[in-house]
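Taking it in order: structure first as structure tokens, then the write-up.
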Amino acid sequence: MRPIIHWFWRDLRITDNTALHSAYSRGEAIVPVFIWDDTLLGWPHTGSAARTFLARSLASLEKNLAQLGHRLIIRRGSPEVELLRLVRETGATEVHTNRDYEPQSVVREQRVAEALAANGGLLRSYKDLVVWEGREILTGSETPYTVYTPYAKSWRTRTRQDPWPKLGPAKNPVRGNLPSLSVAEVTPSAPPAAVHYPLAGEHAALESLKAFLLSGVFKYDTARDFPALTDGTSRLSPHLRVGTLGIRTAFARLTSAFPAEGGPGSVGCRIWENELIWREFYNQVLANFPQVATACFRSEYDRLKWSGTRGQFAAWCAGQTGYPIVDAAMRCLNATGWMHNRLRMIVASFLTKDLLISWQEGERYFYEHLVDADLAANTGGWQWSAGTGTDAAPYFRIFNPASQGAKFDPEGEFIRRWVPELKGIPTDLIQTPSENPLLLARCKYPAPIVDHAVQRGRCLAMFKAVGEVPSKL
Ligand SMILES: Cc1cc2nc3c(=O)[nH]c(=O)nc-3n(C[C@H](O)[C@H](O)[C@H](O)COP(=O)(O)OP(=O)(O)OC[C@H]3O[C@@H](n4cnc5c(N)ncnc54)[C@H](O)[C@@H]3O)c2cc1C
């Protein structure tokens with residue numbers, strides 16, 4: 001019998017893994033392989049924090065496979081070359097893998113399929129990253145959805161897919177000593193020092209999911225917008241990104257945790273489900289409109305004349321804008337590789353609509369620093385915030401950073417955690433310390449680098465120059 005190669009990518013787990021399950025259920029030996037592809041795992045395709053988390057997740061996968069008697073083969077280089085080499089070394093003719101929808105991955109998968117076919121092999125790719133992919137959910141006119149709410153409504157009418165079972169013990173192990181690198185040999189040599197990585201691996205992901213579904217999810221509706229709370233959201237995004245948590249597992253376990261509709265906690269569960277569907281939504285947007293990775297979904301906005309300066313961008317990156325909630329959020333990102341969703345929206349609105357700097361600049365900065373950096377969600381979130389994307393917040397809805405701070409960090413607890421200069425500032429001034437210039441000077445915190453009211457007007461004018469402004473304004 002010929003072995004089957006399972007090519008891991010964004011599915012670093014042995015449970016609920018579609019392609020791996022399919023390879024194993026065929027009864028032949030499996031050769032699990034991860035190819036450290038420097039093109040896709042290097043900048044700008046993968047940020048350094050996310051790359052390090054991936055390497056740690058890979059180490060955990062290797063251990064989990066070994067416990068079942070499978071040996072993970074790690075290679076470095078171009079997948080079509082390495083997979084062909086492995087096909088020759090093992091006598092396999094089939095390579096199984098799970099699909100990824102990022103444009104570069106799509107091209108790469110195509111190249112691998114062609115290279116294998118030219119050599120008598122076959123690439124079988126499976127849907128695994130999402131429950132519903134690409135063109136599986138379409139509007140009544142057979143086009144992909146570009147607005148979330150009707151997409152989610154349609155998504156909910158469909159039958160759920162059950163998670164796949166855990167991989168079984170190795171059978172018919174492949175003979176010979178296949179060359180493999182160690183995880184340490186491919187791990188980035190200088191991971192960003194300050195980042196607080198979540199525990200990596202499938203076990204850690206399932207434990208986090210379990211803990212969240214025991215309590216956090218039931219108060220998600222009231223807690224999810226408050227960044228000072230460390231457990232207001234699940235913090236599962238890094239695991240969903242590298243696939244140490246399977247999406248069918250997340251949905252299935254949520255369904256089991258769901259209280260009776262209308263019962264206590266059911267609203268929180270429903271809203272958390274919405275978030276998982278946002279993930280589905282942005283993946284299908286990226287699959288159907290790959291241009292959103294770099295360009296505005298609404299192409300007229302590619303003509304926007306962004307006028308912010310390099311100095312302003314540097315102040316935003318460093319958390320030195322003089323707007324406490326923005327600065328606290330950016331300093332938290334720089335120090336930990338993490339930013340709460342509410343803060344992502346606030347700083348993205350501030351960069352694009354107050355500083356008038358293009359969303360692409362912010363998107364790249366996030367991509368480099370976030371542990372959960374994910375092309376579909378990041379470009380989706382940035383274009384939503386900038387008002388240039390599918391389902392975008394209209395460009396004339398401009399967050400006021402001080403009011404956002406007052407609403408979602410009312411006591412200034414999060415601000416004081418990350419902007420220690422403001423520790424002694426009274427709560428009624430914490431969002432707007434510049435109202436008391438003497439106090440501001442004493443705590444050595446910068447004055448606002450722009451005036452929100454002035455910039456709001458400039459932002460509207462910038463958008464107006466390339467499109468319609470609604471008559472109600
Ligand atoms: C400007 C901006 C940039 C973003 N960049 C990323 C990114 O690079 N990677 C990333 O995973 N998410 C990104 N998001 C979405 C969201 O902020 C994070 O998914 C969320 O903060 C992760 O925290 P959590 O796991 O505790 O989420 P929870 O609130 O517990 O939600 C559960 C899961 O649902 C998914 N999810 C939640 N919100 C969204 C959303 N708006 N879009 C897509 N999926 C969502 C995530 O997989 C998340 O883990 C971005 C949002 C914005 C506004």
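Ligands are numbered from 1 in the order shown, chains are lettered A, B, ... in the order of the structure tokens, and residues start at 1 in each chain.
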Checklist entry - Tell me, which residues of stretch 198-299 of chain A carry DSSP helix (DSSP H, G or I), written as a PyMOL selection string? => result chain A and resi 202-214+216-223+237-242+247-257+266-288+290-293+299
Item to check | Residues near A:Gln312, cut-off 12 Å, only C-alpha atoms, skip fewer than 3 positions along chain, as number ranges by chain | outcome: A: 307-309, 315-322, 350-352, 354-357, 361, 448-450
Checklist entry - Using only C-alpha atoms and all ligand atoms, what are the residues with an atom within 7 Å of ligand 1, set out as a PyMOL selection string? => result chain A and resi 224+233-238+240-241+272+275-276+278-279+282+339-341+344-345+348+366-367+370+372-375+377-382+385
Next on the checklist: Ranking A:Pro32, A:Gly263, A:Pro103, A:Pro394 by minimum distance to A:Thr294 and counting only C-alpha atoms, which one comes first?
Outcome noted: A:Pro103
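Remark: for A:Ile346, the closest of the candidate residues A:Tyr365, A:Tyr145, A:Trp306, A:Phe408 is A:Phe408 (distances computed over only C-alpha atoms).
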Checklist entry - What is the distance between atom CA of A:Gln383 and atom CA of A:Arg303, in Å to one decimal? => result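 Separating atom CA of A:Gln383 from atom CA of A:Arg303 is a distance of 14.5 Å.
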Item to check | Near-A:Pro259 list (10 Å; only C-alpha atoms; drop same-chain fewer than 6 positions) as JSON, numbers by chain | outcome: {"A": [218, 265, 266, 267, 269]}
For the residues in that selection, give me C-alpha atoms as a short mmCIF file (atom, residue, chain, number, x, y, z; two decimals), in the first residue's frame.
```cif
data_model
loop_
_atom_site.label_atom_id
_atom_site.label_comp_id
_atom_site.auth_asym_id
_atom_site.auth_seq_id
_atom_site.Cartn_x
_atom_site.Cartn_y
_atom_site.Cartn_z
CA PHE A 218 -22.59 33.72 29.26
CA GLY A 265 -26.55 33.51 29.12
CA SER A 266 -28.19 32.77 25.78
CA VAL A 267 -27.62 36.30 24.47
CA CYS A 269 -23.75 32.70 23.38
#
```
Shell of 9 Å around stretch 26-30 of chain A, only C-alpha atoms, local chain residues under 6 positions omitted, as a compact mmCIF listing (two decimals) with N, CA and C atoms, in the first residue's frame:
```txt
# COMPACT_ATOMS: atom_id res chain seq x y z
N MET A 1 0.84 -1.21 0.00
CA MET A 1 0.00 0.00 0.00
C MET A 1 0.87 1.25 0.00
N ARG A 2 0.40 2.25 -0.74
CA ARG A 2 1.20 3.48 -0.80
C ARG A 2 0.80 4.42 0.35
N PRO A 3 1.78 5.06 0.96
CA PRO A 3 1.43 6.01 2.02
C PRO A 3 0.80 7.28 1.43
N ILE A 4 0.13 8.04 2.29
CA ILE A 4 -0.44 9.32 1.88
C ILE A 4 0.27 10.42 2.67
N ILE A 5 0.66 11.45 1.96
CA ILE A 5 1.33 12.57 2.64
C ILE A 5 0.26 13.55 3.11
N HIS A 6 0.29 13.90 4.38
CA HIS A 6 -0.59 14.99 4.84
C HIS A 6 0.27 16.23 5.02
N LEU A 20 -6.56 15.40 7.23
CA LEU A 20 -5.83 14.38 7.98
C LEU A 20 -6.74 13.18 8.24
N HIS A 70 3.28 8.70 15.13
CA HIS A 70 3.52 9.34 13.83
C HIS A 70 4.73 10.27 13.97
N ALA A 170 -0.45 5.36 14.62
CA ALA A 170 0.17 5.12 13.31
C ALA A 170 0.03 3.65 12.92
N LYS A 171 -0.28 3.41 11.65
CA LYS A 171 -0.31 2.04 11.14
C LYS A 171 0.64 1.99 9.94
N ASN A 172 1.18 0.84 9.68
CA ASN A 172 2.11 0.65 8.56
C ASN A 172 3.13 1.79 8.44
N PRO A 173 3.93 2.05 9.49
CA PRO A 173 4.85 3.19 9.40
C PRO A 173 5.75 3.10 8.16
N VAL A 174 6.06 4.25 7.60
CA VAL A 174 6.90 4.29 6.39
C VAL A 174 8.32 3.89 6.78
```
What are the nearest atom pairs, with distances in Å to one decimal, for all residues of stretch 225-272 of chain A that come at most 10 Å from stretch 121-142 of chain A, using only C-alpha atoms, set out by chain and rising residue number as CSV?
```
residue,atom,partner,partner_atom,distance
A:Leu240,CA,A:Leu129,CA,8.6
A:Arg241,CA,A:Leu129,CA,8.9
A:Val242,CA,A:Leu129,CA,9.6
A:Gly243,CA,A:Leu129,CA,7.6
A:Leu245,CA,A:Leu129,CA,9.9
A:Gly246,CA,A:Leu129,CA,7.4
A:Ile247,CA,A:Val130,CA,6.3
A:Arg248,CA,A:Val131,CA,6.7
A:Phe251,CA,A:Val131,CA,9.2
```
Next on the checklist: Between atom CA of A:Gly387 and atom CA of A:Ser154, what is the distance in Å, rounded to a tenth?
Outcome noted: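 Atom-to-atom, atom CA of A:Gly387 to atom CA of A:Ser154, that is 24.1 Å.
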Item to check | Exercise: A:Leu84 partners within 12 Å, only C-alpha atoms, chain neighbours under 3 positions left out, as a VMD selection string | outcome: chain A and resid 5 7 35 75 77 to 81 87 to 95 111 to 123
Checklist entry - Pick the closest to A:Pro144 from A:Ala287, A:Cys459, A:Cys332, A:Cys443: which is it, counting only C-alpha atoms? => result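 Once distances to A:Pro144 are computed over only C-alpha atoms, the minimum belongs to A:Ala287.
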Checklist entry - Hey, can you check how far atom CA of A:Leu333 sits from atom CA of A:His369? => result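 Pair atom CA of A:Leu333 / atom CA of A:His369 returns 7.0 Å.
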Checklist entry - What lies within 8 Å of A:Asp391 using only C-alpha atoms, ignoring chain neighbours under 2 positions off, as a PyMOL selection string? => result chain A and resi 146-148+384+389+393
Quick one: write out the picked residues with N, CA and C atoms as a short mmCIF file (atom, residue, chain, number, x, y, z; two decimals), in the first residue's frame?
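File written: again_4.cif
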```cif
data_model
loop_
_atom_site.label_atom_id
_atom_site.label_comp_id
_atom_site.auth_asym_id
_atom_site.auth_seq_id
_atom_site.Cartn_x
_atom_site.Cartn_y
_atom_site.Cartn_z
N THR A 146 -21.74 40.52 0.44
CA THR A 146 -20.77 41.56 0.81
C THR A 146 -21.27 42.33 2.04
N VAL A 147 -22.38 41.87 2.60
CA VAL A 147 -22.90 42.48 3.83
C VAL A 147 -23.08 41.36 4.84
N TYR A 148 -22.61 41.62 6.06
CA TYR A 148 -22.55 40.56 7.06
C TYR A 148 -23.93 40.04 7.49
N TRP A 384 -13.30 47.84 7.33
CA TRP A 384 -14.55 48.18 8.02
C TRP A 384 -14.36 49.51 8.75
N GLY A 389 -14.54 49.17 2.98
CA GLY A 389 -14.67 47.74 2.70
C GLY A 389 -16.08 47.25 2.48
N ALA A 393 -18.33 50.28 8.12
CA ALA A 393 -18.94 51.38 8.87
C ALA A 393 -18.91 52.56 7.91
#
```
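Across A:Gly337, A:Gly362, A:Pro324, A:Gly232, the tightest approach to A:Ala402 is made by A:Pro324 when counting only C-alpha atoms.
Nearest to A:Ala19 of all the residues A:His96, A:Thr159, A:Gln455, A:Ala211 is A:His96, counting only C-alpha atoms.
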